[in-house]
$ cat model_17.pdb   # PDB, C-alpha atoms
ATOM      1  CA  MET A   1      -2.224  -9.107  31.703  1.00  0.00           C
ATOM      2  CA  PHE A   2      -1.531  -9.717  28.006  1.00  0.00           C
ATOM      3  CA  ASP A   3       0.989  -6.907  27.462  1.00  0.00           C
ATOM      4  CA  ALA A   4       3.869  -9.287  26.705  1.00  0.00           C
ATOM      5  CA  ARG A   5       1.802 -11.279  24.203  1.00  0.00           C
ATOM      6  CA  LEU A   6       0.557  -8.104  22.522  1.00  0.00           C
ATOM      7  CA  ALA A   7       4.130  -6.816  22.247  1.00  0.00           C
ATOM      8  CA  GLU A   8       5.226 -10.138  20.761  1.00  0.00           C
ATOM      9  CA  PHE A   9       2.299 -10.081  18.301  1.00  0.00           C
ATOM     10  CA  SER A  10       3.230  -6.530  17.329  1.00  0.00           C
ATOM     11  CA  ARG A  11       6.859  -7.507  16.683  1.00  0.00           C
ATOM     12  CA  GLU A  12       6.022 -10.713  14.845  1.00  0.00           C
ATOM     13  CA  ARG A  13       3.006  -9.583  12.776  1.00  0.00           C
ATOM     14  CA  LEU A  14       3.196  -5.780  12.518  1.00  0.00           C
ATOM     15  CA  ASP A  15       6.959  -5.088  12.540  1.00  0.00           C
ATOM     16  CA  GLY A  16       6.631  -3.424  15.936  1.00  0.00           C
ATOM     17  CA  ARG A  17       3.812  -1.049  14.993  1.00  0.00           C
ATOM     18  CA  PRO A  18       1.177  -0.385  17.666  1.00  0.00           C
ATOM     19  CA  VAL A  19      -1.649  -2.925  17.737  1.00  0.00           C
ATOM     20  CA  PRO A  20      -4.888  -1.151  16.668  1.00  0.00           C
ATOM     21  CA  ASP A  21      -7.553  -0.981  19.375  1.00  0.00           C
ATOM     22  CA  ASP A  22     -10.032  -3.327  17.698  1.00  0.00           C
ATOM     23  CA  LEU A  23      -7.313  -5.886  16.974  1.00  0.00           C
ATOM     24  CA  ARG A  24      -6.128  -5.656  20.585  1.00  0.00           C
ATOM     25  CA  LEU A  25      -9.638  -6.399  21.849  1.00  0.00           C
ATOM     26  CA  LEU A  26     -10.084  -9.303  19.415  1.00  0.00           C
ATOM     27  CA  LEU A  27      -6.708 -10.822  20.292  1.00  0.00           C
ATOM     28  CA  VAL A  28      -7.307 -10.644  24.035  1.00  0.00           C
ATOM     29  CA  ALA A  29     -10.736 -12.227  23.584  1.00  0.00           C
ATOM     30  CA  GLN A  30      -9.171 -15.134  21.674  1.00  0.00           C
ATOM     31  CA  TRP A  31      -6.421 -15.558  24.257  1.00  0.00           C
ATOM     32  CA  GLU A  32      -9.012 -15.573  27.041  1.00  0.00           C
ATOM     33  CA  GLY A  33     -10.778 -18.410  25.249  1.00  0.00           C
ATOM     34  CA  ARG A  34     -13.789 -16.333  24.248  1.00  0.00           C
ATOM     35  CA  THR A  35     -15.352 -17.506  21.002  1.00  0.00           C
ATOM     36  CA  ASP A  36     -18.032 -14.822  20.565  1.00  0.00           C
ATOM     37  CA  PHE A  37     -15.989 -12.528  18.316  1.00  0.00           C
ATOM     38  CA  GLY A  38     -14.399 -15.398  16.420  1.00  0.00           C
ATOM     39  CA  ASP A  39     -17.814 -16.904  15.741  1.00  0.00           C
ATOM     40  CA  LEU A  40     -19.287 -13.597  14.552  1.00  0.00           C
ATOM     41  CA  LEU A  41     -16.339 -12.611  12.352  1.00  0.00           C
ATOM     42  CA  ASP A  42     -14.999 -16.059  11.442  1.00  0.00           C
ATOM     43  CA  LEU A  43     -11.460 -15.100  12.449  1.00  0.00           C
ATOM     44  CA  ASP A  44      -8.683 -17.096  14.047  1.00  0.00           C
ATOM     45  CA  PHE A  45      -5.631 -14.984  14.893  1.00  0.00           C
ATOM     46  CA  PHE A  46      -2.139 -16.326  14.344  1.00  0.00           C
ATOM     47  CA  GLU A  47      -0.379 -17.612  17.416  1.00  0.00           C
ATOM     48  CA  ALA A  48       3.245 -16.824  18.236  1.00  0.00           C
ATOM     49  CA  GLY A  49       5.631 -18.632  15.942  1.00  0.00           C
ATOM     50  CA  GLU A  50       2.931 -19.627  13.465  1.00  0.00           C
ATOM     51  CA  ALA A  51       4.214 -19.339   9.905  1.00  0.00           C
ATOM     52  CA  ASN A  52       3.341 -16.297   7.842  1.00  0.00           C
ATOM     53  CA  PRO A  53       1.487 -17.675   4.784  1.00  0.00           C
ATOM     54  CA  LEU A  54       3.592 -15.442   2.521  1.00  0.00           C
ATOM     55  CA  LEU A  55       6.794 -17.017   3.859  1.00  0.00           C
ATOM     56  CA  ASP A  56       5.638 -20.591   4.433  1.00  0.00           C
ATOM     57  CA  THR A  57       7.195 -23.056   2.002  1.00  0.00           C
ATOM     58  CA  SER A  58       6.900 -26.099   4.271  1.00  0.00           C
ATOM     59  CA  TYR A  59       4.227 -27.635   2.046  1.00  0.00           C
ATOM     60  CA  MET A  60       6.496 -27.544  -1.040  1.00  0.00           C
ATOM     61  CA  ARG A  61       8.620 -30.412  -2.315  1.00  0.00           C
ATOM     62  CA  GLU A  62      12.427 -30.101  -2.366  1.00  0.00           C
ATOM     63  CA  GLU A  63      12.556 -30.238  -6.175  1.00  0.00           C
ATOM     64  CA  ASP A  64       9.979 -27.426  -6.410  1.00  0.00           C
ATOM     65  CA  LEU A  65      11.946 -25.280  -3.975  1.00  0.00           C
ATOM     66  CA  ALA A  66      15.066 -25.763  -6.092  1.00  0.00           C
ATOM     67  CA  HIS A  67      13.351 -24.522  -9.271  1.00  0.00           C
ATOM     68  CA  PRO A  68      14.402 -20.931 -10.158  1.00  0.00           C
ATOM     69  CA  GLU A  69      10.836 -19.865 -11.068  1.00  0.00           C
ATOM     70  CA  THR A  70       9.562 -21.078  -7.699  1.00  0.00           C
ATOM     71  CA  GLN A  71      12.451 -19.363  -5.950  1.00  0.00           C
ATOM     72  CA  ALA A  72      11.549 -16.096  -7.706  1.00  0.00           C
ATOM     73  CA  ASP A  73       7.883 -16.481  -6.693  1.00  0.00           C
ATOM     74  CA  ASN A  74       8.822 -17.217  -3.079  1.00  0.00           C
ATOM     75  CA  ALA A  75      11.308 -14.339  -2.921  1.00  0.00           C
ATOM     76  CA  GLY A  76       8.702 -11.950  -4.354  1.00  0.00           C
ATOM     77  CA  ALA A  77       6.137 -13.089  -1.779  1.00  0.00           C
ATOM     78  CA  ALA A  78       8.726 -12.621   0.985  1.00  0.00           C
ATOM     79  CA  GLU A  79       9.344  -9.050  -0.206  1.00  0.00           C
ATOM     80  CA  LEU A  80       5.585  -8.439  -0.285  1.00  0.00           C
ATOM     81  CA  ALA A  81       5.449  -9.425   3.395  1.00  0.00           C
ATOM     82  CA  ARG A  82       7.187  -6.109   4.155  1.00  0.00           C
ATOM     83  CA  TYR A  83       3.927  -4.362   3.199  1.00  0.00           C
ATOM     84  CA  LEU A  84       1.244  -7.005   3.726  1.00  0.00           C
ATOM     85  CA  LYS A  85       0.821  -7.763   7.427  1.00  0.00           C
ATOM     86  CA  LEU A  86      -1.388 -10.826   7.820  1.00  0.00           C
ATOM     87  CA  VAL A  87      -2.807 -11.277  11.301  1.00  0.00           C
ATOM     88  CA  ALA A  88      -5.563 -13.901  11.058  1.00  0.00           C
ATOM     89  CA  LYS A  89      -7.066 -16.780   9.150  1.00  0.00           C
ATOM     90  CA  GLY A  90     -10.505 -15.984   7.775  1.00  0.00           C
ATOM     91  CA  ASP A  91     -13.205 -17.625   5.725  1.00  0.00           C
ATOM     92  CA  LYS A  92     -11.438 -17.166   2.351  1.00  0.00           C
ATOM     93  CA  GLY A  93      -7.816 -17.213   3.386  1.00  0.00           C
ATOM     94  CA  TRP A  94      -5.980 -14.628   5.466  1.00  0.00           C
ATOM     95  CA  VAL A  95      -6.777 -11.149   6.725  1.00  0.00           C
ATOM     96  CA  GLY A  96      -4.470  -8.290   7.612  1.00  0.00           C
ATOM     97  CA  TYR A  97      -3.291  -4.820   6.707  1.00  0.00           C
ATOM     98  CA  TRP A  98      -1.861  -3.341   3.506  1.00  0.00           C
ATOM     99  CA  LEU A  99       0.865  -1.000   4.775  1.00  0.00           C
ATOM    100  CA  HIS A 100       2.668   0.038   1.602  1.00  0.00           C
ATOM    101  CA  PRO A 101       4.520   3.331   2.252  1.00  0.00           C
ATOM    102  CA  ASP A 102       2.621   5.050  -0.595  1.00  0.00           C
ATOM    103  CA  GLU A 103      -0.775   4.021   0.778  1.00  0.00           C
ATOM    104  CA  PRO A 104      -2.484   6.901   2.649  1.00  0.00           C
ATOM    105  CA  VAL A 105      -3.182   6.134   6.302  1.00  0.00           C
ATOM    106  CA  ASN A 106      -4.948   9.313   7.369  1.00  0.00           C
ATOM    107  CA  GLN A 107      -8.124   7.358   8.214  1.00  0.00           C
ATOM    108  CA  GLY A 108      -6.435   4.149   9.338  1.00  0.00           C
ATOM    109  CA  TRP A 109      -4.721   1.101   7.924  1.00  0.00           C
ATOM    110  CA  ARG A 110      -6.230  -0.506   4.838  1.00  0.00           C
ATOM    111  CA  VAL A 111      -7.691  -3.920   5.590  1.00  0.00           C
ATOM    112  CA  ILE A 112      -6.992  -6.663   3.080  1.00  0.00           C
ATOM    113  CA  MET A 113      -7.896 -10.279   2.515  1.00  0.00           C
ATOM    114  CA  LEU A 114      -5.635 -12.655   0.612  1.00  0.00           C
ATOM    115  CA  ASP A 115      -7.124 -15.908  -0.589  1.00  0.00           C
ATOM    116  CA  THR A 116      -5.309 -19.174  -1.222  1.00  0.00           C
ATOM    117  CA  GLU A 117      -5.095 -18.357  -4.951  1.00  0.00           C
ATOM    118  CA  PHE A 118      -3.196 -15.127  -4.152  1.00  0.00           C
ATOM    119  CA  THR A 119      -6.124 -12.872  -5.005  1.00  0.00           C
ATOM    120  CA  PHE A 120      -6.244  -9.657  -2.984  1.00  0.00           C
ATOM    121  CA  TRP A 121      -9.495  -8.190  -1.656  1.00  0.00           C
ATOM    122  CA  ARG A 122      -9.821  -4.704  -0.165  1.00  0.00           C
ATOM    123  CA  LEU A 123     -12.231  -4.889   2.754  1.00  0.00           C
ATOM    124  CA  ALA A 124     -14.491  -1.904   3.419  1.00  0.00           C
ATOM    125  CA  GLY A 125     -14.152   0.275   6.488  1.00  0.00           C
ATOM    126  CA  PHE A 126     -11.336   1.786   8.485  1.00  0.00           C
ATOM    127  CA  SER A 127     -10.654  -1.076  10.882  1.00  0.00           C
ATOM    128  CA  LEU A 128     -10.139  -4.812  10.779  1.00  0.00           C
ATOM    129  CA  ALA A 129     -13.422  -5.383  12.635  1.00  0.00           C
ATOM    130  CA  GLU A 130     -15.372  -3.195  10.180  1.00  0.00           C
ATOM    131  CA  GLY A 131     -13.811  -4.814   7.140  1.00  0.00           C
ATOM    132  CA  VAL A 132     -14.405  -8.354   8.298  1.00  0.00           C
ATOM    133  CA  ALA A 133     -17.941  -7.548   9.502  1.00  0.00           C
ATOM    134  CA  ALA A 134     -18.736  -6.069   6.071  1.00  0.00           C
ATOM    135  CA  ALA A 135     -17.382  -9.193   4.380  1.00  0.00           C
ATOM    136  CA  GLN A 136     -19.268 -11.478   6.776  1.00  0.00           C
ATOM    137  CA  ALA A 137     -22.538  -9.597   6.145  1.00  0.00           C
ATOM    138  CA  ARG A 138     -22.771 -11.432   2.813  1.00  0.00           C
ATOM    139  CA  PHE A 139     -22.879 -14.797   4.558  1.00  0.00           C
ATOM    140  CA  GLN A 140     -25.623 -14.187   7.121  1.00  0.00           C
ATOM    141  CA  ASP A 141     -29.160 -15.579   7.067  1.00  0.00           C
ATOM    142  CA  GLU A 142     -30.376 -12.071   6.180  1.00  0.00           C
ATOM    143  CA  PRO A 143     -30.193 -11.705   2.364  1.00  0.00           C
ATOM    144  CA  ASP A 144     -29.802  -7.902   2.513  1.00  0.00           C
ATOM    145  CA  GLU A 145     -26.145  -7.330   3.405  1.00  0.00           C
ATOM    146  CA  ARG A 146     -26.953  -3.822   4.683  1.00  0.00           C
ATOM    147  CA  ILE A 147     -29.343  -5.206   7.300  1.00  0.00           C
ATOM    148  CA  ALA A 148     -26.969  -8.072   8.052  1.00  0.00           C
ATOM    149  CA  PHE A 149     -24.088  -5.636   8.613  1.00  0.00           C
ATOM    150  CA  THR A 150     -26.202  -3.492  10.953  1.00  0.00           C
ATOM    151  CA  ARG A 151     -27.112  -6.589  12.964  1.00  0.00           C
ATOM    152  CA  LEU A 152     -23.454  -7.646  13.161  1.00  0.00           C
ATOM    153  CA  ALA A 153     -22.433  -4.129  14.185  1.00  0.00           C
ATOM    154  CA  ILE A 154     -25.045  -4.124  16.964  1.00  0.00           C
ATOM    155  CA  GLU A 155     -23.874  -7.537  18.214  1.00  0.00           C
ATOM    156  CA  LEU A 156     -20.244  -6.410  18.181  1.00  0.00           C
ATOM    157  CA  ALA A 157     -21.146  -3.241  20.099  1.00  0.00           C
ATOM    158  CA  GLU A 158     -23.018  -5.305  22.695  1.00  0.00           C
ATOM    159  CA  LEU A 159     -19.851  -7.380  23.121  1.00  0.00           C
ATOM    160  CA  GLY A 160     -17.782  -4.226  23.655  1.00  0.00           C
ATOM    161  CA  LEU A 161     -16.490  -3.597  20.138  1.00  0.00           C
ATOM    162  CA  PRO A 162     -18.379  -0.669  18.623  1.00  0.00           C
ATOM    163  CA  LEU A 163     -17.694   0.038  14.955  1.00  0.00           C
ATOM    164  CA  SER A 164     -17.476   3.589  13.612  1.00  0.00           C
ATOM    165  CA  THR A 165     -20.849   3.057  11.918  1.00  0.00           C
ATOM    166  CA  GLN A 166     -23.736   0.621  11.798  1.00  0.00           C
ATOM    167  CA  ASP A 167     -24.603   1.823   8.289  1.00  0.00           C
ATOM    168  CA  PHE A 168     -23.145  -0.435   5.596  1.00  0.00           C
ATOM    169  CA  ASP A 169     -23.371   2.348   2.992  1.00  0.00           C
ATOM    170  CA  ALA A 170     -21.301   4.677   5.189  1.00  0.00           C
ATOM    171  CA  LEU A 171     -18.279   2.333   5.164  1.00  0.00           C
ATOM    172  CA  ASP A 172     -15.273   3.525   3.211  1.00  0.00           C
ATOM    173  CA  ASP A 173     -14.970   1.266   0.189  1.00  0.00           C
ATOM    174  CA  SER A 174     -12.335   3.156  -1.772  1.00  0.00           C
ATOM    175  CA  GLY A 175      -9.712   1.064  -3.472  1.00  0.00           C
ATOM    176  CA  PHE A 176      -6.033   0.804  -2.735  1.00  0.00           C
ATOM    177  CA  ALA A 177      -3.812   3.678  -3.833  1.00  0.00           C
ATOM    178  CA  VAL A 178      -1.121   1.070  -4.499  1.00  0.00           C
ATOM    179  CA  ASP A 179      -2.409  -2.197  -5.971  1.00  0.00           C
ATOM    180  CA  PRO A 180      -0.927  -5.156  -4.029  1.00  0.00           C
ATOM    181  CA  GLU A 181      -1.292  -7.456  -7.024  1.00  0.00           C
ATOM    182  CA  GLU A 182       0.771  -5.107  -9.188  1.00  0.00           C
ATOM    183  CA  VAL A 183       3.362  -4.778  -6.432  1.00  0.00           C
ATOM    184  CA  LEU A 184       3.649  -8.569  -6.189  1.00  0.00           C
ATOM    185  CA  GLU A 185       4.042  -8.862  -9.967  1.00  0.00           C
ATOM    186  CA  GLU A 186       6.822  -6.236  -9.933  1.00  0.00           C
ATOM    187  CA  LEU A 187       8.601  -7.936  -7.035  1.00  0.00           C
ATOM    188  CA  VAL A 188       8.445 -11.369  -8.663  1.00  0.00           C
ATOM    189  CA  GLU A 189       9.618  -9.900 -11.979  1.00  0.00           C
ATOM    190  CA  ALA A 190      12.598  -8.283 -10.217  1.00  0.00           C
ATOM    191  CA  GLU A 191      13.449 -11.635  -8.618  1.00  0.00           C
ATOM    192  CA  ARG A 192      13.179 -13.343 -12.014  1.00  0.00           C
ATOM    193  CA  GLU A 193      15.595 -10.787 -13.476  1.00  0.00           C
ATOM    194  CA  LYS A 194      18.077 -11.416 -10.631  1.00  0.00           C
ATOM    195  CA  ARG A 195      17.996 -15.091 -11.577  1.00  0.00           C
ATOM    196  CA  GLY A 196      18.377 -14.466 -15.316  1.00  0.00           C
ATOM    197  CA  LEU A 197      14.914 -15.794 -16.086  1.00  0.00           C
ATOM    198  CA  VAL A 198      13.780 -12.815 -18.172  1.00  0.00           C
TER     199      VAL A 198
END

$ encode --input "model_17.pdb" --output "structure tokens"
Amino acid sequence: MFDARLAEFSRERLDGRPVPDDLRLLLVAQWEGRTDFGDLLDLDFFEAGEANPLLDTSYMREEDLAHPETQADNAGAAELARYLKLVAKGDKGWVGYWLHPDEPVNQGWRVIMLDTEFTFWRLAGFSLAEGVAAAQARFQDEPDERIAFTRLAIELAELGLPLSTQDFDALDDSGFAVDPEEVLEELVEAEREKRGLV
């Protein structure tokens, strides 16, 4: 029923890569008007044609866009979008996948959050749902994030989205092999050099 929309989402947000199973389920739920997952995970997935935050300059003034430093920053962010695939708006900014070619993917895509100050956060787990649930566990009424995560995992499973674990401590929380912040700095620096700003 949603095959065409999923294919479009894949092309627009993931450069044609297959949509992971948990993301597929979350997208379909949103498109069906279900709010249960969105409420639990505080996620709102991008709709077709919605601007990628890394590419969106619509909020900038003409004189800012004409400034070479701003152009270098924007060009670096656009290059970063080759590796950083944002799929949803979350509580701190945007959520997606870090798909740098030197990042190991043997367990799954690395989940990342990018806030409005361009700070990158590696989310724990091996799926978008796990990463966001782990992040959301800090904001529940239960002060112990381990218990809060287990409760979220149980609720998600009851809704048809089982996580690989209900144990917060079992989540993979290893860092990135390739630091997205360093990559962005290198890309912006290369753009500054192209413009003779170095």

$ atom_distance --input "model_17.pdb" --atom1 "CA of Pro104 in chain A" --atom2 "CA of Phe126 in chain A"
11.8 Å

$ resolve_selection --input "model_17.pdb" --expression "the PyMOL selection byres ((chain A and resi 40) around 9)" --output "PyMOL selection string"
chain A and resi 35-39+41-43+133+136+152+155-156

$ write_last_selection --input "model_17.pdb" --atoms "C-alpha atoms" --output "compact mmCIF listing (two decimals), in the coordinates of the input"
# COMPACT_ATOMS: atom_id res chain seq x y z
CA THR A 35 -15.35 -17.51 21.00
CA ASP A 36 -18.03 -14.82 20.56
CA PHE A 37 -15.99 -12.53 18.32
CA GLY A 38 -14.40 -15.40 16.42
CA ASP A 39 -17.81 -16.90 15.74
CA LEU A 41 -16.34 -12.61 12.35
CA ASP A 42 -15.00 -16.06 11.44
CA LEU A 43 -11.46 -15.10 12.45
CA ALA A 133 -17.94 -7.55 9.50
CA GLN A 136 -19.27 -11.48 6.78
CA LEU A 152 -23.45 -7.65 13.16
CA GLU A 155 -23.87 -7.54 18.21
CA LEU A 156 -20.24 -6.41 18.18

$ atom_distance --input "model_17.pdb" --atom1 "CA of Pro53 in chain A" --atom2 "CA of Leu114 in chain A"
9.7 Å

$ closest_residue --input "model_17.pdb" --among "A:Ala137, A:Met60, A:Val178, A:Asn52" --to "Gln166 in chain A" --atoms "only C-alpha atoms"
A:Ala137

$ atom_distance --input "model_17.pdb" --atom1 "CA of Glu63 in chain A" --atom2 "CA of Leu197 in chain A"
17.7 Å

$ resolve_selection --input "model_17.pdb" --expression "the PyMOL selection byres ((chain A and resi 85) around 8)" --output "PyMOL selection string"
chain A and resi 13-14+81-84+86-87+96-99

$ write_last_selection --input "model_17.pdb" --atoms "C-alpha atoms" --output "PDB file, in the coordinates of the input"
ATOM      1  CA  ARG A  13       3.006  -9.583  12.776  1.00  0.00           C
ATOM      2  CA  LEU A  14       3.196  -5.780  12.518  1.00  0.00           C
ATOM      3  CA  ALA A  81       5.449  -9.425   3.395  1.00  0.00           C
ATOM      4  CA  ARG A  82       7.187  -6.109   4.155  1.00  0.00           C
ATOM      5  CA  TYR A  83       3.927  -4.362   3.199  1.00  0.00           C
ATOM      6  CA  LEU A  84       1.244  -7.005   3.726  1.00  0.00           C
ATOM      7  CA  LEU A  86      -1.388 -10.826   7.820  1.00  0.00           C
ATOM      8  CA  VAL A  87      -2.807 -11.277  11.301  1.00  0.00           C
ATOM      9  CA  GLY A  96      -4.470  -8.290   7.612  1.00  0.00           C
ATOM     10  CA  TYR A  97      -3.291  -4.820   6.707  1.00  0.00           C
ATOM     11  CA  TRP A  98      -1.861  -3.341   3.506  1.00  0.00           C
ATOM     12  CA  LEU A  99       0.865  -1.000   4.775  1.00  0.00           C
TER      13      LEU A  99
END

$ closest_residue --input "model_17.pdb" --among "A:Ala129, A:Ala135, A:Val105, A:Ala7" --to "Asp21 in chain A" --atoms "all atoms listed in the file"
A:Ala129

$ residues_around --input "model_17.pdb" --residues "Ser164 in chain A" --least-positions-apart "5" --cutoff "9 Å" --atoms "all atoms listed in the file" --output "VMD selection string"
chain A and resid 125 to 127 130 171

$ residues_around --input "model_17.pdb" --residues "Arg195 in chain A" --least-positions-apart "3" --cutoff "8 Å" --atoms "only C-alpha atoms" --output "VMD selection string"
chain A and resid 68 72 191 to 192

$ axis_aligned_box --input "model_17.pdb" --around "range 68-73 of chain A" --padding-each-side "6 Å" --output "JSON"
{"center_x": 11.1, "center_y": -18.6, "center_z": -8.5, "size_x": 18.5, "size_y": 17.0, "size_z": 17.1}

$ resolve_selection --input "model_17.pdb" --expression "the PyMOL selection byres ((chain A and resi 123) around 7)" --output "list of chain:residue names"
A:Val111, A:Ile112, A:Met113, A:Trp121, A:Arg122, A:Ala124, A:Gly125, A:Gly131, A:Val132, A:Ala135
